[in-house]
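So this block is final-v7.txt, compact mmCIF, C-alpha atoms (C1' of nucleotides):
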```txt
# COMPACT_ATOMS: atom_id res chain seq x y z
CA MET I 1 130.37 -171.67 98.84
CA THR I 2 126.88 -173.15 98.46
CA VAL I 3 127.63 -175.72 95.83
CA PRO I 4 125.01 -174.92 93.17
CA ARG I 5 123.35 -178.29 93.62
CA VAL I 6 125.67 -180.35 91.47
CA GLY I 7 123.44 -182.44 89.31
CA SER I 8 120.44 -180.32 90.10
CA ARG I 9 119.72 -180.07 86.39
CA ARG I 10 120.04 -183.83 86.14
CA GLU I 11 117.51 -184.32 88.90
CA GLN I 12 115.17 -181.78 87.39
CA ILE I 13 115.37 -183.59 84.08
CA LEU I 14 114.76 -186.96 85.71
CA ALA I 15 111.74 -185.71 87.62
CA THR I 16 110.27 -184.09 84.55
CA ALA I 17 110.93 -187.17 82.46
CA ALA I 18 109.17 -189.34 85.03
CA ALA I 19 106.10 -187.14 84.89
CA LEU I 20 106.01 -186.96 81.09
CA PHE I 21 106.73 -190.65 80.58
CA ALA I 22 103.98 -191.50 83.05
CA LYS I 23 101.51 -189.32 81.19
CA HIS I 24 102.34 -190.05 77.56
CA GLY I 25 104.59 -193.10 77.57
CA PHE I 26 108.25 -193.36 76.63
CA HIS I 27 107.64 -193.27 72.87
CA GLY I 28 105.06 -190.53 73.31
CA VAL I 29 107.55 -187.99 74.63
CA SER I 30 110.14 -186.48 72.31
CA ILE I 31 113.53 -185.20 73.33
CA ALA I 32 112.48 -181.76 72.21
CA GLU I 33 109.36 -181.80 74.39
CA LEU I 34 111.30 -183.02 77.38
CA GLY I 35 113.88 -180.32 76.88
CA ALA I 36 111.24 -177.64 76.55
CA ALA I 37 109.59 -178.84 79.76
CA VAL I 38 112.77 -178.09 81.72
CA GLY I 39 113.44 -174.80 79.97
CA ILE I 40 116.22 -175.89 77.67
CA SER I 41 115.75 -176.98 74.15
CA GLY I 42 116.28 -180.30 72.48
CA PRO I 43 119.79 -181.62 72.20
CA ALA I 44 121.00 -179.89 75.37
CA LEU I 45 119.82 -183.01 77.18
CA TYR I 46 122.82 -184.83 75.74
CA ARG I 47 125.05 -182.77 78.03
CA HIS I 48 123.52 -184.66 80.95
CA PHE I 49 122.56 -188.07 79.58
CA PRO I 50 124.05 -190.20 76.81
CA GLY I 51 120.64 -190.78 75.27
CA LYS I 52 116.94 -191.17 75.78
CA GLU I 53 117.13 -194.82 76.76
CA ALA I 54 119.76 -194.05 79.38
CA LEU I 55 117.34 -191.62 80.95
CA LEU I 56 114.65 -194.26 81.21
CA ALA I 57 117.19 -196.74 82.51
CA GLU I 58 118.25 -194.44 85.32
CA LEU I 59 114.62 -193.95 86.36
CA LEU I 60 113.74 -197.64 86.37
CA VAL I 61 116.93 -198.98 87.90
CA ASP I 62 116.61 -196.41 90.64
CA ILE I 63 113.03 -197.24 91.53
CA SER I 64 113.53 -200.99 91.48
CA GLU I 65 116.63 -200.66 93.64
CA ARG I 66 114.78 -198.53 96.14
CA LEU I 67 111.86 -200.96 96.31
CA GLU I 68 114.12 -203.96 96.71
CA ALA I 69 116.25 -202.22 99.35
CA GLY I 70 113.18 -201.09 101.28
CA GLY I 71 111.66 -204.55 101.18
CA ARG I 72 114.87 -206.28 102.20
CA GLU I 73 115.33 -203.84 105.06
CA ARG I 74 111.90 -204.47 106.48
CA ALA I 75 112.08 -208.23 106.11
CA ALA I 76 115.68 -208.70 107.17
CA GLY I 77 116.53 -209.03 110.85
CA SER I 78 113.87 -211.69 111.19
CA ALA I 79 112.89 -209.43 114.05
CA GLY I 80 109.16 -209.30 114.23
CA SER I 81 106.51 -211.87 113.55
CA PRO I 82 105.56 -212.61 109.96
CA ARG I 83 102.45 -210.53 110.45
CA GLU I 84 104.48 -207.55 111.63
CA VAL I 85 106.84 -207.90 108.69
CA LEU I 86 103.93 -208.07 106.29
CA GLU I 87 102.38 -204.96 107.78
CA ALA I 88 105.70 -203.18 107.45
CA LEU I 89 105.95 -204.25 103.79
CA VAL I 90 102.45 -202.99 103.10
CA ASP I 91 103.14 -199.67 104.80
CA PHE I 92 106.37 -199.26 102.89
CA HIS I 93 104.85 -200.07 99.54
CA VAL I 94 101.76 -197.94 99.92
CA ALA I 95 103.83 -194.97 101.06
CA PHE I 96 106.06 -195.42 98.03
CA ALA I 97 103.14 -195.71 95.63
CA LEU I 98 101.51 -192.60 97.05
CA ARG I 99 104.70 -190.57 97.07
CA GLU I 100 105.84 -191.42 93.53
CA PRO I 101 102.94 -192.61 91.45
CA GLU I 102 104.62 -191.64 88.16
CA LEU I 103 107.49 -194.03 88.76
CA ILE I 104 105.04 -196.82 89.53
CA VAL I 105 103.29 -196.18 86.25
CA VAL I 106 106.45 -195.94 84.19
CA GLN I 107 107.96 -199.05 85.69
CA ASP I 108 105.40 -201.46 84.38
CA ARG I 109 104.48 -199.53 81.27
CA ASP I 110 107.85 -198.92 79.69
CA LEU I 111 109.96 -201.73 81.08
CA ASP I 112 110.58 -203.25 77.70
CA ASN I 113 111.77 -200.04 76.13
CA LEU I 114 114.94 -200.51 78.13
CA PRO I 115 118.16 -201.72 76.56
CA ASP I 116 118.64 -205.41 77.27
CA ALA I 117 121.20 -205.11 80.03
CA ASP I 118 119.17 -202.65 82.07
CA ARG I 119 115.97 -204.54 81.53
CA ARG I 120 117.54 -207.71 82.87
CA ARG I 121 118.81 -205.82 85.88
CA VAL I 122 115.42 -204.29 86.64
CA ARG I 123 113.68 -207.62 86.14
CA ARG I 124 116.03 -209.30 88.60
CA LEU I 125 115.47 -206.62 91.21
CA GLN I 126 111.71 -206.88 90.77
CA ARG I 127 111.89 -210.64 91.11
CA THR I 128 113.80 -210.51 94.38
CA TYR I 129 111.36 -207.91 95.69
CA VAL I 130 108.49 -210.23 94.89
CA GLU I 131 110.29 -213.11 96.56
CA ILE I 132 110.57 -211.10 99.77
CA TRP I 133 106.78 -210.86 99.80
CA VAL I 134 106.39 -214.52 98.86
CA ASP I 135 108.65 -215.66 101.69
CA THR I 136 106.81 -213.50 104.19
CA LEU I 137 103.42 -214.75 103.04
CA GLN I 138 104.60 -218.33 103.29
CA ARG I 139 105.97 -217.81 106.79
CA LEU I 140 102.63 -216.32 107.78
CA HIS I 141 100.61 -219.10 106.14
CA PRO I 142 102.53 -222.37 106.29
CA GLY I 143 101.27 -224.69 103.61
CA LEU I 144 100.70 -221.92 101.14
CA ASP I 145 102.47 -222.94 97.97
CA ALA I 146 104.82 -220.53 96.27
CA GLU I 147 102.75 -220.13 93.12
CA ARG I 148 99.67 -218.97 94.99
CA ALA I 149 101.79 -216.72 97.17
CA ARG I 150 103.28 -215.13 94.05
CA THR I 151 99.85 -214.53 92.58
CA ALA I 152 98.73 -213.01 95.87
CA ALA I 153 101.78 -210.74 96.00
CA HIS I 154 101.13 -209.45 92.49
CA ALA I 155 97.48 -208.94 93.35
CA THR I 156 98.48 -206.86 96.35
CA PHE I 157 100.84 -204.78 94.23
CA GLY I 158 97.98 -204.15 91.85
CA LEU I 159 95.77 -203.08 94.71
CA LEU I 160 98.37 -200.78 96.27
CA ASN I 161 99.52 -199.40 92.92
CA SER I 162 95.98 -198.38 92.02
CA THR I 163 96.65 -194.87 93.36
CA PRO I 164 97.55 -193.38 89.98
CA HIS I 165 94.23 -194.60 88.54
CA SER I 166 91.86 -193.24 91.11
CA GLY I 167 91.70 -189.49 91.05
CA SER I 168 92.23 -189.56 94.82
CA ARG I 169 91.21 -186.07 95.65
CA ALA I 170 91.20 -187.27 99.24
CA ALA I 171 94.03 -186.73 101.67
CA PRO I 172 96.94 -189.11 101.01
CA GLU I 173 96.97 -190.42 104.59
CA GLU I 174 93.33 -191.48 104.32
CA VAL I 175 93.95 -193.23 101.02
CA ALA I 176 97.00 -194.91 102.52
CA ALA I 177 95.03 -196.14 105.52
CA LEU I 178 92.25 -197.49 103.32
CA LEU I 179 94.58 -199.32 100.95
CA ARG I 180 96.59 -200.70 103.84
CA ALA I 181 93.47 -202.05 105.49
CA MET I 182 92.18 -203.58 102.26
CA ALA I 183 95.50 -205.24 101.51
CA LEU I 184 95.80 -206.75 104.95
CA ALA I 185 92.17 -207.88 104.88
CA SER I 186 92.70 -209.55 101.51
CA PHE I 187 95.37 -211.78 103.03
CA ARG I 188 92.68 -213.38 105.19
CA ALA I 189 91.63 -215.23 102.04
CA LEU I 190 94.89 -217.20 102.05
CA MET L 1 76.73 -221.40 51.94
CA THR L 2 79.09 -221.04 54.93
CA VAL L 3 79.69 -217.35 54.78
CA PRO L 4 83.47 -217.09 54.76
CA ARG L 5 83.51 -215.36 58.12
CA VAL L 6 82.79 -211.88 56.93
CA GLY L 7 85.19 -209.68 58.79
CA SER L 8 87.35 -212.57 59.82
CA ARG L 9 90.42 -210.66 58.63
CA ARG L 10 89.23 -207.70 60.63
CA GLU L 11 88.94 -209.78 63.77
CA GLN L 12 92.29 -211.41 63.17
CA ILE L 13 93.86 -207.97 62.83
CA LEU L 14 92.14 -206.73 65.97
CA ALA L 15 93.28 -209.71 68.01
CA THR L 16 96.83 -209.42 66.76
CA ALA L 17 96.85 -205.68 67.38
CA ALA L 18 95.65 -206.23 70.94
CA ALA L 19 98.50 -208.66 71.59
CA LEU L 20 101.16 -206.44 70.03
CA PHE L 21 99.91 -203.23 71.62
CA ALA L 22 99.86 -204.97 74.99
CA LYS L 23 103.43 -206.13 74.57
CA HIS L 24 105.10 -203.08 73.02
CA GLY L 25 102.65 -200.22 73.40
CA PHE L 26 100.74 -198.37 70.71
CA HIS L 27 103.69 -196.28 69.56
CA GLY L 28 105.98 -199.30 69.77
CA VAL L 29 104.17 -201.22 67.03
CA SER L 30 104.41 -200.08 63.44
CA ILE L 31 101.82 -200.65 60.76
CA ALA L 32 104.34 -202.77 58.89
CA GLU L 33 104.98 -205.02 61.92
CA LEU L 34 101.30 -205.42 62.55
CA GLY L 35 100.68 -206.32 58.93
CA ALA L 36 103.51 -208.82 58.94
CA ALA L 37 102.10 -210.44 62.08
CA VAL L 38 98.86 -211.27 60.28
CA GLY L 39 100.58 -212.39 57.07
CA ILE L 40 99.88 -209.35 54.94
CA SER L 41 102.25 -206.50 54.51
CA GLY L 42 102.00 -202.90 55.57
CA PRO L 43 99.42 -200.73 53.86
CA ALA L 44 97.00 -203.62 53.26
CA LEU L 45 95.66 -202.80 56.70
CA TYR L 46 94.06 -199.71 55.24
CA ARG L 47 91.66 -201.99 53.37
CA HIS L 48 90.14 -202.87 56.76
CA PHE L 49 90.66 -199.81 58.95
CA PRO L 50 90.88 -196.12 58.13
CA GLY L 51 94.03 -195.71 60.18
CA LYS L 52 96.10 -196.84 63.13
CA GLU L 53 94.22 -194.76 65.66
CA ALA L 54 90.90 -196.14 64.45
CA LEU L 55 92.20 -199.60 65.20
CA LEU L 56 93.06 -198.67 68.75
CA ALA L 57 89.73 -196.91 69.10
CA GLU L 58 87.81 -200.00 68.08
CA LEU L 59 89.69 -202.10 70.64
CA LEU L 60 89.17 -199.68 73.51
CA VAL L 61 85.59 -198.71 72.80
CA ASP L 62 84.73 -202.38 72.51
CA ILE L 63 86.28 -203.42 75.79
CA SER L 64 84.84 -200.51 77.75
CA GLU L 65 81.41 -201.16 76.30
CA ARG L 66 81.58 -204.83 77.21
CA LEU L 67 82.70 -204.05 80.75
CA GLU L 68 80.01 -201.45 81.23
CA ALA L 69 77.32 -203.71 79.77
CA GLY L 70 78.41 -206.66 81.88
CA GLY L 71 78.47 -204.56 85.02
CA ARG L 72 75.10 -202.97 84.33
CA GLU L 73 73.58 -206.36 83.62
CA ARG L 74 74.73 -207.84 86.89
CA ALA L 75 73.71 -204.84 88.95
CA ALA L 76 70.43 -204.08 87.24
CA GLY L 77 67.26 -205.90 88.23
CA SER L 78 68.03 -205.00 91.84
CA ALA L 79 67.46 -208.70 92.22
CA GLY L 80 69.84 -210.04 94.77
CA SER L 81 71.30 -208.55 97.90
CA PRO L 82 74.14 -206.05 97.59
CA ARG L 83 76.51 -208.81 98.60
CA GLU L 84 75.28 -211.08 95.83
CA VAL L 85 75.57 -208.28 93.30
CA LEU L 86 79.10 -207.53 94.46
CA GLU L 87 80.07 -211.18 94.14
CA ALA L 88 78.63 -211.26 90.64
CA LEU L 89 80.59 -208.14 89.71
CA VAL L 90 83.79 -209.67 91.03
CA ASP L 91 83.18 -212.91 89.17
CA PHE L 92 82.44 -211.05 85.98
CA HIS L 93 85.48 -208.83 86.18
CA VAL L 94 87.94 -211.54 87.12
CA ALA L 95 86.70 -213.76 84.30
CA PHE L 96 87.11 -210.88 81.89
CA ALA L 97 90.60 -210.05 83.11
CA LEU L 98 91.69 -213.67 82.84
CA ARG L 99 90.17 -214.20 79.41
CA GLU L 100 91.54 -211.04 77.80
CA PRO L 101 94.51 -209.75 79.70
CA GLU L 102 95.90 -207.89 76.68
CA LEU L 103 92.85 -205.68 76.45
CA ILE L 104 93.14 -204.88 80.14
CA VAL L 105 96.73 -203.81 79.63
CA VAL L 106 96.06 -201.75 76.52
CA GLN L 107 93.08 -199.99 78.03
CA ASP L 108 94.96 -198.20 80.75
CA ARG L 109 98.26 -197.92 78.96
CA ASP L 110 97.26 -196.37 75.66
CA LEU L 111 94.04 -194.58 76.51
CA ASP L 112 95.46 -191.19 75.70
CA ASN L 113 96.69 -192.17 72.28
CA LEU L 114 93.06 -192.14 71.22
CA PRO L 115 91.59 -189.31 69.17
CA ASP L 116 89.70 -186.94 71.41
CA ALA L 117 86.18 -188.10 70.61
CA ASP L 118 86.91 -191.76 71.24
CA ARG L 119 88.87 -191.03 74.38
CA ARG L 120 85.96 -189.11 75.81
CA ARG L 121 83.62 -191.95 74.97
CA VAL L 122 85.84 -194.56 76.61
CA ARG L 123 86.36 -192.36 79.65
CA ARG L 124 82.63 -191.96 80.06
CA LEU L 125 82.01 -195.70 79.83
CA GLN L 126 84.75 -196.38 82.34
CA ARG L 127 83.26 -193.82 84.69
CA THR L 128 79.82 -195.35 84.61
CA TYR L 129 81.35 -198.80 85.16
CA VAL L 130 83.12 -197.50 88.24
CA GLU L 131 79.92 -195.92 89.45
CA ILE L 132 78.17 -199.28 89.29
CA TRP L 133 80.74 -200.62 91.70
CA VAL L 134 80.55 -197.52 93.87
CA ASP L 135 76.78 -197.78 94.16
CA THR L 136 76.95 -201.44 95.05
CA LEU L 137 79.63 -200.86 97.66
CA GLN L 138 77.59 -198.07 99.19
CA ARG L 139 74.46 -200.21 99.32
CA LEU L 140 76.45 -202.90 101.06
CA HIS L 141 78.08 -200.49 103.50
CA PRO L 142 75.72 -197.65 104.29
CA GLY L 143 77.67 -194.66 105.52
CA LEU L 144 80.57 -195.32 103.22
CA ASP L 145 81.23 -192.07 101.41
CA ALA L 146 81.54 -192.03 97.64
CA GLU L 147 85.17 -190.98 97.58
CA ARG L 148 86.33 -193.93 99.67
CA ALA L 149 84.10 -196.26 97.68
CA ARG L 150 85.70 -195.03 94.48
CA THR L 151 89.17 -195.57 95.84
CA ALA L 152 88.16 -199.06 96.95
CA ALA L 153 86.72 -199.86 93.53
CA HIS L 154 89.92 -198.80 91.78
CA ALA L 155 91.93 -200.81 94.26
CA THR L 156 89.85 -203.87 93.47
CA PHE L 157 90.35 -203.35 89.76
CA GLY L 158 94.08 -203.19 90.37
CA LEU L 159 93.92 -206.42 92.32
CA LEU L 160 91.83 -208.24 89.74
CA ASN L 161 93.76 -206.80 86.80
CA SER L 162 97.03 -208.07 88.20
CA THR L 163 96.78 -211.21 86.08
CA PRO L 164 98.90 -209.90 83.24
CA HIS L 165 101.73 -209.14 85.67
CA SER L 166 101.98 -212.44 87.44
CA GLY L 167 103.24 -215.16 85.16
CA SER L 168 100.34 -217.28 86.36
CA ARG L 169 101.52 -220.66 85.20
CA ALA L 170 98.71 -222.02 87.37
CA ALA L 171 95.33 -223.06 86.07
CA PRO L 172 93.10 -220.05 85.34
CA GLU L 173 90.27 -221.34 87.53
CA GLU L 174 92.57 -221.50 90.53
CA VAL L 175 93.87 -218.01 89.91
CA ALA L 176 90.30 -216.81 89.48
CA ALA L 177 89.21 -218.37 92.74
CA LEU L 178 92.14 -216.87 94.61
CA LEU L 179 91.64 -213.36 93.24
CA ARG L 180 87.92 -213.55 93.88
CA ALA L 181 88.48 -214.57 97.49
CA MET L 182 91.08 -211.85 98.04
CA ALA L 183 88.85 -209.17 96.52
CA LEU L 184 85.85 -210.13 98.61
CA ALA L 185 87.99 -210.36 101.73
CA SER L 186 89.43 -206.91 101.10
CA PHE L 187 85.93 -205.44 101.29
CA ARG L 188 85.78 -206.45 104.95
CA ALA L 189 88.06 -203.46 105.56
CA LEU L 190 85.28 -201.07 104.60
C1' DA N 1 82.11 -213.50 29.06
C1' DC N 2 82.36 -209.38 31.10
C1' DG N 3 83.00 -206.04 34.68
C1' DC N 4 83.32 -204.72 39.20
C1' DG N 5 84.38 -204.91 43.96
C1' DC N 6 87.39 -206.83 47.36
C1' DT N 7 91.92 -207.46 48.92
C1' DG N 8 96.41 -207.49 48.21
C1' DT N 9 101.05 -205.55 46.24
C1' DT N 10 105.20 -202.04 45.72
C1' DA N 11 106.87 -197.18 45.32
C1' DG N 12 107.07 -192.99 47.23
C1' DC N 13 105.96 -188.79 50.08
C1' DA N 14 105.95 -185.76 53.94
C1' DG N 15 106.75 -185.44 58.64
C1' DT N 16 108.96 -186.63 62.98
C1' DC N 17 112.32 -188.78 65.63
C1' DG N 18 116.92 -189.46 68.12
C1' DT N 19 121.34 -188.11 67.54
C1' DT N 20 125.68 -185.61 66.05
C1' DA N 21 128.32 -181.56 64.54
C1' DA N 22 129.85 -177.06 64.92
C1' DC N 23 129.83 -173.19 67.43
C1' DA N 24 129.40 -169.69 71.55
C1' DG N 25 129.10 -167.53 76.11
C1' DG N 26 130.27 -167.77 81.30
C1' DC N 27 132.89 -169.12 85.07
C1' DC N 28 137.00 -170.33 87.38
C1' DG N 29 141.94 -171.81 88.36
C1' DG N 30 146.70 -170.63 87.07
C1' DC W 1 144.66 -162.31 81.16
C1' DC W 2 144.10 -166.53 79.47
C1' DG W 3 142.58 -171.29 78.50
C1' DG W 4 139.64 -174.87 79.27
C1' DC W 5 135.38 -176.93 80.97
C1' DC W 6 130.57 -176.76 81.47
C1' DT W 7 126.33 -175.89 79.46
C1' DG W 8 123.74 -174.17 76.15
C1' DT W 9 122.50 -172.96 71.08
C1' DT W 10 121.05 -173.98 65.88
C1' DA W 11 121.65 -176.78 61.65
C1' DA W 12 121.57 -180.94 59.57
C1' DC W 13 121.51 -186.05 58.80
C1' DG W 14 119.72 -190.60 58.44
C1' DA W 15 116.26 -193.66 59.89
C1' DC W 16 111.68 -194.61 60.47
C1' DT W 17 106.75 -193.63 60.62
C1' DG W 18 101.80 -193.36 59.02
C1' DC W 19 99.66 -192.90 54.96
C1' DT W 20 98.49 -192.37 49.79
C1' DA W 21 98.90 -193.60 44.96
C1' DA W 22 98.95 -196.65 41.33
C1' DC W 23 98.45 -201.04 39.94
C1' DA W 24 97.02 -206.23 39.77
C1' DG W 25 94.76 -210.78 40.54
C1' DC W 26 90.67 -213.12 42.05
C1' DG W 27 85.75 -214.33 42.56
C1' DC W 28 81.16 -213.61 41.77
C1' DG W 29 76.66 -211.68 39.90
C1' DT W 30 74.41 -210.64 35.61
```
Any chance you could give the structure as C-alpha cells?
Amino acid sequence: MTVPRVGSRREQILATAAALFAKHGFHGVSIAELGAAVGISGPALYRHFPGKEALLAELLVDISERLEAGGRERAAGSAGSPREVLEALVDFHVAFALREPELIVVQDRDLDNLPDADRRRVRRLQRTYVEIWVDTLQRLHPGLDAERARTAAHATFGLLNSTPHSGSRAAPEEVAALLRAMALASFRAL
Amino acid sequence: MTVPRVGSRREQILATAAALFAKHGFHGVSIAELGAAVGISGPALYRHFPGKEALLAELLVDISERLEAGGRERAAGSAGSPREVLEALVDFHVAFALREPELIVVQDRDLDNLPDADRRRVRRLQRTYVEIWVDTLQRLHPGLDAERARTAAHATFGLLNSTPHSGSRAAPEEVAALLRAMALASFRAL
DNA sequence: ACGCGCTGTTAGCAGTCGTTAACAGGCCGG
DNA sequence: CCGGCCTGTTAACGACTGCTAACAGCGCGT
C-alpha cells in the first residue's frame, strides 16, 4: 500500500528547477547543477523529462493555466458587481504571487527560452488572463477604452508581482493586505 | 574639427547590448551575435570592452547611478512638501522607465550575472535609491513603519516598470500620465 | 615618408553545455 | 526463480561559448 508518491521525484525536480531558474535564469542553471540539487547527478533527469526545455515548458504552462483558470473562475458567473469581481481577482493574484514568487519570476524572465509551440500556448493563456482583467475594469469604469485598461492591468500585475523584489521580512498576510489595498486604490485613478 | 564622436562605437555597442540582453537575457546573447548586430564580427568587441561581463557591468552601474542621482536630486534641497517630492520622484521614474525600458528589464533580470564587485556596487546604489523613496513616504505618512514603506516603494517600482510588459501601442505621454495617476492614487492606501 | 596606434579580421584553444550510450542494481508480477 | 521495468550511474560526443593570438589596413602626427 501507500503508493510511494508516483511522480514525487518529478515534483521535487520541478520545484527545485523553479527555485534555481528564478535565482539564476534558465541558461544560468546546468542540468548537472539541477540534478545535484535534488540528490541525483546529471543525466538522471532524462528519466523524468525529455529535456531541459520540456522542464521549463511544464513549469510555465502550468502556472499560466492556473492563473487563467483562477481568473476565469472568479470572473465567470457574472455573480457579483464588477467591484466585487475585481477585488476577488486582486485577492487571487496577490495570494498566488505570495505563495509562488519563483514561478512569477520565471514566467516573465524565461518565456522566450520556450520552444515555439509552448511559448505560443503560454502567450495565449496570458493574453486571455489579461483580457479577464480588462473586461472587469471596463465593466467597472464604462467609457474606459481597452488600451488604457490593458495598461492598467499590466501595471497592477507589476505592483502585485513586486513581492519577489522586496525582501518582505514581514508576515505574508500583512504584505498581502498592503498590496491589495494599494492595487484597489490605484484603480481610483481610472 | 567635429570630433568623430569619440566612443561612438562604444555607445552603439552598449545600446545594442541593452536591447539584446533585454530580449534574450545575458546568457542568451553570444559575443558573436552582439558583434554582428553592430556590423562588426565577434572578437572585435574586445577592442572596446575587456569582456562580456564588463559590458553588462557598465550598463547596470550606469543605470543605477542615474536612478540614484535623479532620486537624490529630486529629494534633496528639502524644498517642497513631501507630496511634491513624491510627485517629482514618480515623474522622474516613470519618464526613465518609458525612455529606457530595456535597461529596466536588464537591471533586475541579469543583476546576478555581474562580477561580485560590480554587483555589490549596483546593489548599494539600488538600496539608497529605495531609501530615498522610503524616507519620502515616511515624511508624507508619519507613523508608517519602514518595512511597509519599503514594500510600498517596491510595489510602486513594479507598477511603473510595467511598461516593458504592456505592448503600449499608445502614446508615451498618455501611458506616463496613467501610470503616474495610478501610482499616486495607490499611496492613498497608506 | 615613415611609424604607430586604432580598429578590424580569421584561426584556434580550452572549457562547458545538453544530450545519448552503455551498463547496473532493486523491485515486483508470473 | 526469473525477466523486465524503473531509476540511477559514468563515459563520451558534438556543438557552442568566451576569449586570445596573429595579422592587416587605415589615418594621422612628426
Q | Spatial neighbours of W:DG27, max dist 12 Å, only C-alpha atoms (C1' of nucleotides), sep filter under 6 positions, as a PyMOL selection string | A | chain N and resi 3-7
Wanna dump the chain L-chain N contacts at 9 Å for me, each residue with its shortest atom pair and the distance in Å to one decimal, counting only C-alpha atoms (C1' of nucleotides), ordered by chain and number, as CSV?
```
residue,atom,partner,partner_atom,distance
L:Ile40,CA,N:DG8,C1',7.8
L:Ser41,CA,N:DT9,C1',8.4
L:Ala44,CA,N:DG8,C1',6.4
L:Arg47,CA,N:DT7,C1',7.1
```
If you keep C-alpha atoms, can you produce a file of those selected residues as a JSON list (two decimals), in the frame of the given file?
```json
[["chain", "number", "residue", "atom", "x", "y", "z"],
["L", 40, "ILE", "CA", 99.88, -209.35, 54.94],
["L", 41, "SER", "CA", 102.25, -206.50, 54.51],
["L", 44, "ALA", "CA", 97.00, -203.62, 53.26],
["L", 47, "ARG", "CA", 91.66, -201.99, 53.37]]
```
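Any residue of chain L with an atom no more than 6 Å from chain I counts as a contact; using all atoms listed in the file, that gives His27, Thr151, His154, Ala155, Gly158, Leu159, Ser162, Ser166, Ala181, Met182, Ala185, Ser186 and Ala189 of chain L.
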Output of the above residues as a compact mmCIF listing (two decimals), keeping the file's coordinate frame, restricted to C-alpha atoms:
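Once everything was written out, this is part.txt:
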```
# COMPACT_ATOMS: atom_id res chain seq x y z
CA HIS L 27 103.69 -196.28 69.56
CA THR L 151 89.17 -195.57 95.84
CA HIS L 154 89.92 -198.80 91.78
CA ALA L 155 91.93 -200.81 94.26
CA GLY L 158 94.08 -203.19 90.37
CA LEU L 159 93.92 -206.42 92.32
CA SER L 162 97.03 -208.07 88.20
CA SER L 166 101.98 -212.44 87.44
CA ALA L 181 88.48 -214.57 97.49
CA MET L 182 91.08 -211.85 98.04
CA ALA L 185 87.99 -210.36 101.73
CA SER L 186 89.43 -206.91 101.10
CA ALA L 189 88.06 -203.46 105.56
```
Q) How many Å separate atom CA of L:Glu87 from atom CA of I:Val90? A) 25.5 Å
Distance query L:Glu131 at most 10 Å, only C-alpha atoms (C1' of nucleotides), self and fewer than 3 positions along chain excluded, as a short mmCIF file (atom, residue, chain, number, x, y, z; two decimals) with C-alpha atoms, in the frame of the given file:
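Saved to around.cif:
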```cif
data_model
loop_
_atom_site.label_atom_id
_atom_site.label_comp_id
_atom_site.auth_asym_id
_atom_site.auth_seq_id
_atom_site.Cartn_x
_atom_site.Cartn_y
_atom_site.Cartn_z
CA GLU L 68 80.01 -201.45 81.23
CA GLY L 71 78.47 -204.56 85.02
CA ARG L 72 75.10 -202.97 84.33
CA LEU L 125 82.01 -195.70 79.83
CA GLN L 126 84.75 -196.38 82.34
CA ARG L 127 83.26 -193.82 84.69
CA THR L 128 79.82 -195.35 84.61
CA VAL L 134 80.55 -197.52 93.87
CA ASP L 135 76.78 -197.78 94.16
CA THR L 136 76.95 -201.44 95.05
CA LEU L 137 79.63 -200.86 97.66
CA ALA L 146 81.54 -192.03 97.64
CA ALA L 149 84.10 -196.26 97.68
CA ARG L 150 85.70 -195.03 94.48
CA ALA L 153 86.72 -199.86 93.53
#
```
Q: Could you please select, counting all atoms listed in the file, the residues of chain W within 9 Å of chain L and state them as a list of chain:residue names?
A: W:DT17, W:DG18, W:DC19
Q. Between atom CA of I:Tyr129 and atom CA of L:Ala177, what is the spacing in Å?
A. 24.7 Å
Taking the partial coordinates given, rebuild stretch 151-159 of chain L to contain N, CA, C and O atoms; return it as a PDB file, keeping the file's coordinate frame.
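Below is the file result-v1.pdb, written as the result:
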```
ATOM      1  N   THR L 151      87.801-195.098  95.635  1.00  0.00           N
ATOM      2  CA  THR L 151      89.170-195.570  95.840  1.00  0.00           C
ATOM      3  C   THR L 151      89.190-197.088  95.996  1.00  0.00           C
ATOM      4  O   THR L 151      90.043-197.782  95.426  1.00  0.00           O
ATOM      5  N   ALA L 152      88.224-197.612  96.741  1.00  0.00           N
ATOM      6  CA  ALA L 152      88.160-199.060  96.950  1.00  0.00           C
ATOM      7  C   ALA L 152      87.885-199.790  95.643  1.00  0.00           C
ATOM      8  O   ALA L 152      88.467-200.851  95.372  1.00  0.00           O
ATOM      9  N   ALA L 153      87.016-199.225  94.811  1.00  0.00           N
ATOM     10  CA  ALA L 153      86.720-199.860  93.530  1.00  0.00           C
ATOM     11  C   ALA L 153      87.976-199.924  92.662  1.00  0.00           C
ATOM     12  O   ALA L 153      88.308-200.972  92.097  1.00  0.00           O
ATOM     13  N   HIS L 154      88.694-198.800  92.574  1.00  0.00           N
ATOM     14  CA  HIS L 154      89.920-198.800  91.780  1.00  0.00           C
ATOM     15  C   HIS L 154      90.940-199.786  92.346  1.00  0.00           C
ATOM     16  O   HIS L 154      91.652-200.457  91.593  1.00  0.00           O
ATOM     17  N   ALA L 155      91.004-199.861  93.646  1.00  0.00           N
ATOM     18  CA  ALA L 155      91.930-200.810  94.260  1.00  0.00           C
ATOM     19  C   ALA L 155      91.567-202.237  93.877  1.00  0.00           C
ATOM     20  O   ALA L 155      92.440-203.061  93.575  1.00  0.00           O
ATOM     21  N   THR L 156      90.288-202.523  93.852  1.00  0.00           N
ATOM     22  CA  THR L 156      89.850-203.870  93.470  1.00  0.00           C
ATOM     23  C   THR L 156      90.161-204.157  92.008  1.00  0.00           C
ATOM     24  O   THR L 156      90.593-205.262  91.663  1.00  0.00           O
ATOM     25  N   PHE L 157      89.971-203.159  91.162  1.00  0.00           N
ATOM     26  CA  PHE L 157      90.350-203.350  89.760  1.00  0.00           C
ATOM     27  C   PHE L 157      91.843-203.650  89.652  1.00  0.00           C
ATOM     28  O   PHE L 157      92.250-204.545  88.902  1.00  0.00           O
ATOM     29  N   GLY L 158      92.641-202.931  90.401  1.00  0.00           N
ATOM     30  CA  GLY L 158      94.080-203.190  90.370  1.00  0.00           C
ATOM     31  C   GLY L 158      94.395-204.606  90.801  1.00  0.00           C
ATOM     32  O   GLY L 158      95.216-205.295  90.194  1.00  0.00           O
ATOM     33  N   LEU L 159      93.710-205.049  91.846  1.00  0.00           N
ATOM     34  CA  LEU L 159      93.920-206.420  92.320  1.00  0.00           C
ATOM     35  C   LEU L 159      93.519-207.433  91.253  1.00  0.00           C
ATOM     36  O   LEU L 159      94.288-208.344  90.917  1.00  0.00           O
TER      37      LEU L 159
END
```
